[in-house]
Amino acid sequence: MQTEKKTVNQFEPKVIAFVCNWCTYTGADLAGTSRIKYQPNVKLIKLPCTGRIDPVFIIKAFEKGADGVLVSGCHPGDCHYNAGNYHARRRWIMFRKMLETMGIDSNRLHFSWVSASEGKKFTEVVNDLINKVRAAGPFKSYEKINKEYVIND
Amino acid sequence: MEEKRITKENLIKLGSNWVNDGMNVYVNNGKKYTLMKLHEEDLKGFEEAPPLMSYKEIVFPKTEPILYYKKSQKEVEIIEPKIGGVKNIVIGAKPCDAKSISIMSKVFNWDYKDSFFNVRAEESVIIGMACKYNDEHCFCTSVGISPVSTDGSDLFLIPLANDNFGVRIISDKGKELISKYESYFTNGDSEESENVLSSIPIPEKKFNAENVKSWLDKNFESEFWNTTAEMCLGCSQCAFVCPVCHCFDIVDEDYSFTEGRRMKNWDACQNGLFTKHASGHNPRDKQPKRYRQRVSHKFKYYKDKFDEYLCTGCGRCSRGCPAGIDIGEIVERIDKLTN
Amino acid sequence: MTELKNLVKSLLEEGKVTKVIGYRMYGENNTKPYIAVTPNDAEEMVLNTDCRNNLSVYLTKKEIINGGKTGIVAKGCDIRNIIALIQENRIKEEDILIISAECKGVGAEKGSAVYANKCVNCSVKTPHLYHELVEMKGSELSQPKDKYTEAKEKVLAMNSGERFEYFSNMFSECIKCYACRQACPMCYCEQCIADMSIPRWIESSATDRGNLSWNMIRAFHLSGRCTGCNECERACPAEIPLSFINKLMYDTAKEEFNYESGMNKETPTLIGSYNTKDNDNFIQ
């Protein structure tokens with residue numbers, strides 16, 4: 001946890017993490033049971049495998065106001081389903097390039113491999129992303145097209 | 001009929017004045033009914049094909065909220081959206097487009113009076129323009145419209161020599177619109193306009209719509225349909241560009257767990273999902289059935305119910321069809337079957 | 001070389017195919033898709049520089065492909081889609097018979113004097129998978145302006161905020177008719193993700209947000225699969241330059257994986273396969 005005092009208006013990034021059930025989620029659990037602290041801005045969403053993480057989830061997260069997204073799963077070779085993460089990696093290579101060209105900055109979207117034993121690494125990855133997003137500020141691009149999704153009576 | 005005259009330059013200036021007055025002004029620039037900014041647009045369209053999209057969006061937007069809701073544990077609060085408040089003006093509407101609002105207004109007013117449509121229709125002023133364009137896809141004369149008809153226009157432009165326009169005042173709405181800006185106009189010469197109008201060739205009728213209807217009355221189940229639109233991809237562009245297609249779909253969109261809105265979006269009968277039931281059953285499960293619906297709705301059902309063809313003969317659907325399906329040609333074939 | 005008409009006629013007469021998907025004239029400088037079922041139907045078959053359509057989209061429609069071997073008239077670019085469909089196990093090679101020709105390129109639109117954009121730098125003018133060869137008719141046209149490179153440079157010069165704005169403006173014209181999807185030979189899902197209502201991943205309203213999401217997902221679902229036939233762009237009534245983002249993904253596949261879709265029916269598809277040595281440098 002960060003120690004400095006927060007001012008009232010300080011920007012708190014919203015970060016969504018899509019993680020695989022077998023490695024990263026268990027890694028996050030380990031971080032918890034080992035009492036390693038990390039910034040609380042991240043919301044974890046558990047999925048069976050990185051291969052199950054449809055890019056539409058990531059778009060939806062940004063659409064609904066996420067400032068950053070983390071996608072994390074088992075190291076290559078360690079997939080519970082043998083090859084889910086290899087397939088996912090191919091997809092990410094293409095997807096990252098597309099988002100980058102279409103104006104979603106790649107420092108708002110992180111990918112990582114975190115195994116069940118890497119509780120420490122999980123906190124590092126999360127802190128790193130949150131710090132980067134904090135430095136980059138709120139994700140404003142969607143703000144303009146999201147304006148109509150507010151009820152003004 | 002009262003007639004005035006205006007130069008093109010003044011007409012564009014007049015449009016800019018309306019923009020300044022806070023109105024939405026759409027100008028036919030030959031390719032598109034484009035939303036006018038100040039002094040930017042050129043008025044074309046006398047000799048050009050109808051723009052790719054019709055301007056039905058001004059009365060029937062591609063997507064619009066019909067209500068907002070807020071939920072609490074005990075109740076649901078419904079908030080009505082604000083409709084209208086901005087006048088829409090179309091300069092240079094093709095006669096085939098000008099008719100569209102009056103055709104659509106029948107379906108939006110026969111039982112439930114659709115205020116979304118009515119408020120906007122009331123606030124729209126259509127400045128039609130005579131049309132000299134005619135290609136193999138045009139068939140306005142076959143459905144009772146002509147390149148010089150003023151039906152549906154509030155003002156009507158007749159292109160004269162040297163970038164001048166004869167302006168005929170058709171309705172009170174049109175008269176009111178220009179009353180503030182009389183100085184832009186000079187006195188018109190109806191003889192000169194009449195000469196221009198009579199020089200516009202009126203295309204021959206391609207089919208007899210009544211014969212088509214009587215064939216459709218009897219041939220719901222016909223082999224004809226299976227061999228008609230077999231190449232249709234179901235892409236629905238025909239319905240989306242059509243000036244009078246008015247089908248819509250209603251969906252709820254949530255902003256959060258407690259707030260959201262209900263949207264009305266364009267939909268099209270060529271889309272397989274259009275008739276799919278929640279059970280999974282689809283009464284129009286194949287493209288020929290969907291195409292039959294399209295033709296029948298335009299030339300039979302609407303005529304039965306509202307005594308009007310749901311088609312203005314603009315030919316957009318045929319010009320844009322990626323599979324080269326031409327509704328005019330198909331209806332012509334039906335007409336030939338009756339002889 | 002056999003004349004197309006005679007070839008189709010004899011194929012149908014001998015019962016080698018039950019139908020042939022091809023082109024027939026539609027006005028003076030235009031053609032439209034057509035299915036010949038009887039030998040007499042073959043009389044209308046043409047293949048010339050006005051044959052813009054990519055007919056392989058009809059191979060994804062069950063009601064057309066069912067009921068016996070299907071013949072199809074295909075240019076080199078269309079063959080790429082047929083190969084891609086074979087790669088993805090959508091169709092079987094033995095169910096179709098490809099009639100092709102040394103391609104002369106096609107006009108951009110009806111009566112156009114320039115080639116369509118897809119013909120620029122075409123590498124498959126000589127067909128790479130066919131069963132019968134005929135001659136393509138038509139005269140030479142001129143090269144179109146390269147809009148893609150221009151647009152790409154423009155986009156790459158922007159910062160991310162500007163890019164986002166650029167694309168959301170581009171797609172704000174979208175009217176959600178899904179003509180791009182229907183015209184695409186590679187968009188054959190029984191249920192499109194855009195049509196799913198529970199959960200609704202992509203808002204079906206044609207709002208700026210719904211439009212952007214739809215176009216992102218469409219482009220992504222075609223990445224590594226799109227062959228660049230530009231049928232989506234041709235079908236789009238809102239005139240959105242859809243080919244730009246498609247081409248960009250195509251180039252990415254080429255740069256990253258040296259993969260071009262629809263070139264070889266034996267290679268596994270890009271997204272359906274993997275390599276343990278794939279680029280890993282962006283993953284922490």
# chains A, B, ... in the order shown; residues from 1 in each chain; ligands from 1
>>> residues_around(residues="Ile145 (chain A)", least_positions_apart="5", cutoff="9 Å", atoms="only C-alpha atoms", output="ChimeraX atom specification")
/C:168,207-209
>>> write_last_selection(atoms="C-alpha atoms", output="CSV table (one decimal), in the first residue's frame")
chain,number,residue,atom,x,y,z
C,168,SER,CA,-14.6,7.1,-33.6
C,207,THR,CA,-24.3,5.2,-31.2
C,208,ASP,CA,-20.7,6.2,-31.3
C,209,ARG,CA,-19.7,3.7,-28.7
>>> select_by_dssp(residues="region 23-201 of chain C", states="strand (DSSP E or B)", output="PyMOL selection string")
chain C and resi 23-25+31-36+45-46+48+70-73+96-101+107+114-115+132-134+137+142
>>> select_by_dssp(residues="chain A", states="alpha helix (DSSP H)", output="count of residues only")
61
>>> closest_atom_pairs(of="chain B", to="chain A", cutoff="10 Å", atoms="only C-alpha atoms", output="CSV")
residue,atom,partner,partner_atom,distance
B:Tyr68,CA,A:Ile151,CA,7.2
B:Tyr69,CA,A:Ile151,CA,8.5
B:Lys70,CA,A:Ile151,CA,8.8
B:Ile79,CA,A:Asp153,CA,7.3
B:Glu80,CA,A:Asp153,CA,8.8
B:Pro81,CA,A:Asp153,CA,8.7
B:Lys82,CA,A:Asp153,CA,9.7
B:Glu253,CA,A:Tyr149,CA,9.4
B:Asp254,CA,A:Tyr149,CA,8.8
B:Tyr255,CA,A:Tyr149,CA,6.2
B:Ser256,CA,A:Lys64,CA,9.2
B:Glu259,CA,A:Ile151,CA,8.0
B:Gly260,CA,A:Tyr149,CA,7.9
B:Arg261,CA,A:Tyr149,CA,8.6
>>> interface_residues(of="chain C", to="chain A", cutoff="6 Å", atoms="only C-alpha atoms", output="JSON, numbers by chain")
{"C": [160, 161, 163, 164, 209, 274, 283, 284]}
>>> write_last_selection(atoms="N, CA, C and O atoms", output="PDB file, in the first residue's frame")
ATOM      1  N   SER C 160      -2.179   8.963 -29.465  1.00  0.00           N
ATOM      2  CA  SER C 160      -3.260   7.995 -29.272  1.00  0.00           C
ATOM      3  C   SER C 160      -4.626   8.668 -29.120  1.00  0.00           C
ATOM      4  O   SER C 160      -5.624   8.143 -29.608  1.00  0.00           O
ATOM      5  N   GLY C 161      -4.668   9.825 -28.476  1.00  0.00           N
ATOM      6  CA  GLY C 161      -5.949  10.511 -28.343  1.00  0.00           C
ATOM      7  C   GLY C 161      -6.523  10.896 -29.695  1.00  0.00           C
ATOM      8  O   GLY C 161      -7.709  10.728 -29.957  1.00  0.00           O
ATOM      9  N   ARG C 163      -5.807   9.482 -32.539  1.00  0.00           N
ATOM     10  CA  ARG C 163      -6.196   8.272 -33.280  1.00  0.00           C
ATOM     11  C   ARG C 163      -7.581   7.813 -32.860  1.00  0.00           C
ATOM     12  O   ARG C 163      -8.410   7.458 -33.693  1.00  0.00           O
ATOM     13  N   PHE C 164      -7.809   7.826 -31.569  1.00  0.00           N
ATOM     14  CA  PHE C 164      -9.104   7.392 -31.057  1.00  0.00           C
ATOM     15  C   PHE C 164     -10.210   8.250 -31.652  1.00  0.00           C
ATOM     16  O   PHE C 164     -11.235   7.763 -32.111  1.00  0.00           O
ATOM     17  N   ARG C 209     -20.411   4.762 -29.418  1.00  0.00           N
ATOM     18  CA  ARG C 209     -19.747   3.711 -28.665  1.00  0.00           C
ATOM     19  C   ARG C 209     -20.047   2.339 -29.262  1.00  0.00           C
ATOM     20  O   ARG C 209     -19.138   1.531 -29.462  1.00  0.00           O
ATOM     21  N   TYR C 274      -0.560 -22.155 -33.136  1.00  0.00           N
ATOM     22  CA  TYR C 274       0.380 -21.348 -32.358  1.00  0.00           C
ATOM     23  C   TYR C 274       1.779 -21.900 -32.531  1.00  0.00           C
ATOM     24  O   TYR C 274       1.979 -23.000 -33.051  1.00  0.00           O
ATOM     25  N   ILE C 283       5.130  -9.234 -22.946  1.00  0.00           N
ATOM     26  CA  ILE C 283       4.494  -9.841 -21.773  1.00  0.00           C
ATOM     27  C   ILE C 283       5.458  -9.804 -20.596  1.00  0.00           C
ATOM     28  O   ILE C 283       6.607 -10.218 -20.718  1.00  0.00           O
ATOM     29  N   GLN C 284       4.928  -9.272 -19.477  1.00  0.00           N
ATOM     30  CA  GLN C 284       5.770  -9.075 -18.310  1.00  0.00           C
ATOM     31  C   GLN C 284       6.014 -10.384 -17.569  1.00  0.00           C
ATOM     32  O   GLN C 284       5.114 -11.195 -17.470  1.00  0.00           O
TER      33      GLN C 284
END
>>> interface_residues(of="chain C", to="chain B", cutoff="9 Å", atoms="only C-alpha atoms", output="PyMOL selection string")
chain C and resi 26-27+30-35+53+57-58+63-64+175-183+195+197+200+203-207+231+234-239
>>> write_last_selection(atoms="N, CA and C atoms", output="compact mmCIF listing (two decimals), in the first residue's frame")
# COMPACT_ATOMS: atom_id res chain seq x y z
N TYR C 26 -25.20 -7.14 -66.09
CA TYR C 26 -26.23 -6.39 -65.37
C TYR C 26 -26.06 -4.96 -65.83
N GLY C 27 -26.79 -4.58 -66.86
CA GLY C 27 -26.55 -3.29 -67.49
C GLY C 27 -25.30 -3.39 -68.33
N ASN C 30 -21.55 -3.63 -65.94
CA ASN C 30 -21.71 -4.19 -64.61
C ASN C 30 -22.11 -5.66 -64.73
N THR C 31 -21.80 -6.39 -63.69
CA THR C 31 -22.24 -7.79 -63.66
C THR C 31 -22.88 -8.05 -62.32
N LYS C 32 -23.58 -9.15 -62.23
CA LYS C 32 -24.09 -9.54 -60.92
C LYS C 32 -24.01 -11.04 -60.75
N PRO C 33 -24.01 -11.47 -59.49
CA PRO C 33 -23.90 -12.91 -59.23
C PRO C 33 -25.11 -13.66 -59.77
N TYR C 34 -24.90 -14.92 -60.04
CA TYR C 34 -25.89 -15.68 -60.78
C TYR C 34 -25.61 -17.14 -60.55
N ILE C 35 -26.65 -17.95 -60.46
CA ILE C 35 -26.44 -19.39 -60.34
C ILE C 35 -27.01 -20.08 -61.58
N ASN C 53 -17.76 -8.76 -57.76
CA ASN C 53 -18.19 -9.54 -56.58
C ASN C 53 -17.21 -10.65 -56.23
N VAL C 57 -18.50 -15.90 -51.00
CA VAL C 57 -19.42 -15.71 -49.88
C VAL C 57 -20.61 -16.68 -49.98
N TYR C 58 -20.98 -17.05 -51.20
CA TYR C 58 -22.12 -17.95 -51.36
C TYR C 58 -21.80 -19.38 -50.93
N GLU C 63 -27.96 -23.25 -47.97
CA GLU C 63 -29.02 -23.50 -48.95
C GLU C 63 -28.47 -23.49 -50.37
N ILE C 64 -27.31 -22.88 -50.57
CA ILE C 64 -26.74 -22.86 -51.91
C ILE C 64 -25.78 -24.03 -52.11
N ILE C 175 -24.31 2.74 -39.56
CA ILE C 175 -25.74 2.69 -39.25
C ILE C 175 -26.14 1.30 -38.74
N LYS C 176 -25.14 0.46 -38.47
CA LYS C 176 -25.39 -0.88 -37.93
C LYS C 176 -26.33 -1.70 -38.81
N CYS C 177 -26.08 -1.69 -40.09
CA CYS C 177 -26.89 -2.54 -40.96
C CYS C 177 -26.24 -3.91 -41.09
N TYR C 178 -24.96 -3.99 -40.72
CA TYR C 178 -24.18 -5.22 -40.80
C TYR C 178 -24.04 -5.74 -42.22
N ALA C 179 -24.10 -4.84 -43.19
CA ALA C 179 -23.87 -5.26 -44.58
C ALA C 179 -22.43 -5.75 -44.74
N CYS C 180 -21.51 -5.14 -43.99
CA CYS C 180 -20.10 -5.55 -44.06
C CYS C 180 -19.95 -7.01 -43.68
N ARG C 181 -20.69 -7.40 -42.65
CA ARG C 181 -20.62 -8.76 -42.16
C ARG C 181 -21.26 -9.71 -43.17
N GLN C 182 -22.40 -9.33 -43.70
CA GLN C 182 -23.12 -10.24 -44.60
C GLN C 182 -22.38 -10.44 -45.91
N ALA C 183 -21.67 -9.40 -46.35
CA ALA C 183 -20.98 -9.50 -47.64
C ALA C 183 -19.64 -10.20 -47.50
N ASP C 195 -24.94 -10.01 -32.38
CA ASP C 195 -26.37 -10.30 -32.23
C ASP C 195 -26.68 -10.92 -30.88
N SER C 197 -27.63 -11.10 -27.19
CA SER C 197 -28.27 -10.10 -26.34
C SER C 197 -28.05 -10.36 -24.86
N ARG C 200 -25.03 -8.60 -23.62
CA ARG C 200 -24.87 -7.82 -24.84
C ARG C 200 -23.45 -7.24 -24.87
N GLU C 203 -23.07 -3.09 -28.08
CA GLU C 203 -24.36 -2.42 -28.08
C GLU C 203 -24.91 -2.38 -29.50
N SER C 204 -26.17 -2.77 -29.62
CA SER C 204 -26.70 -2.86 -30.98
C SER C 204 -27.13 -1.50 -31.50
N SER C 205 -27.21 -0.51 -30.65
CA SER C 205 -27.57 0.83 -31.12
C SER C 205 -26.42 1.41 -31.92
N ALA C 206 -26.79 2.19 -32.93
CA ALA C 206 -25.75 2.81 -33.75
C ALA C 206 -25.25 4.10 -33.11
N THR C 207 -24.92 4.01 -31.83
CA THR C 207 -24.32 5.16 -31.16
C THR C 207 -22.82 5.11 -31.40
N GLU C 231 -14.98 -6.57 -50.02
CA GLU C 231 -16.43 -6.64 -50.23
C GLU C 231 -17.18 -5.85 -49.17
N ARG C 234 -17.31 -2.31 -50.20
CA ARG C 234 -18.20 -2.13 -51.35
C ARG C 234 -19.66 -2.18 -50.89
N ALA C 235 -19.96 -3.02 -49.90
CA ALA C 235 -21.34 -3.16 -49.46
C ALA C 235 -21.77 -2.02 -48.55
N CYS C 236 -20.83 -1.35 -47.91
CA CYS C 236 -21.18 -0.37 -46.87
C CYS C 236 -21.96 0.81 -47.44
N PRO C 237 -23.21 0.99 -47.01
CA PRO C 237 -23.98 2.12 -47.53
C PRO C 237 -23.55 3.44 -46.91
N ALA C 238 -22.81 3.37 -45.79
CA ALA C 238 -22.38 4.62 -45.15
C ALA C 238 -21.00 5.04 -45.64
N GLU C 239 -20.45 4.30 -46.58
CA GLU C 239 -19.16 4.60 -47.19
C GLU C 239 -18.02 4.74 -46.18
>>> atom_distance(atom1="CA of Ile245 (chain C)", atom2="CA of Tyr33 (chain B)")
26.4 Å
>>> closest_residue(among="A:Lys120, A:Arg134, A:His75, A:His80", to="Asn107 (chain A)", atoms="only C-alpha atoms")
A:Arg134
>>> closest_residue(among="A:Leu70, A:Cys49, A:Val15, A:Ile58", to="Phe122 (chain A)", atoms="only C-alpha atoms")
A:Leu70
>>> closest_residue(among="B:Asn164, B:Ser100, B:Ser193, B:Ser179", to="Glu9 (chain B)", atoms="only C-alpha atoms")
B:Asn164
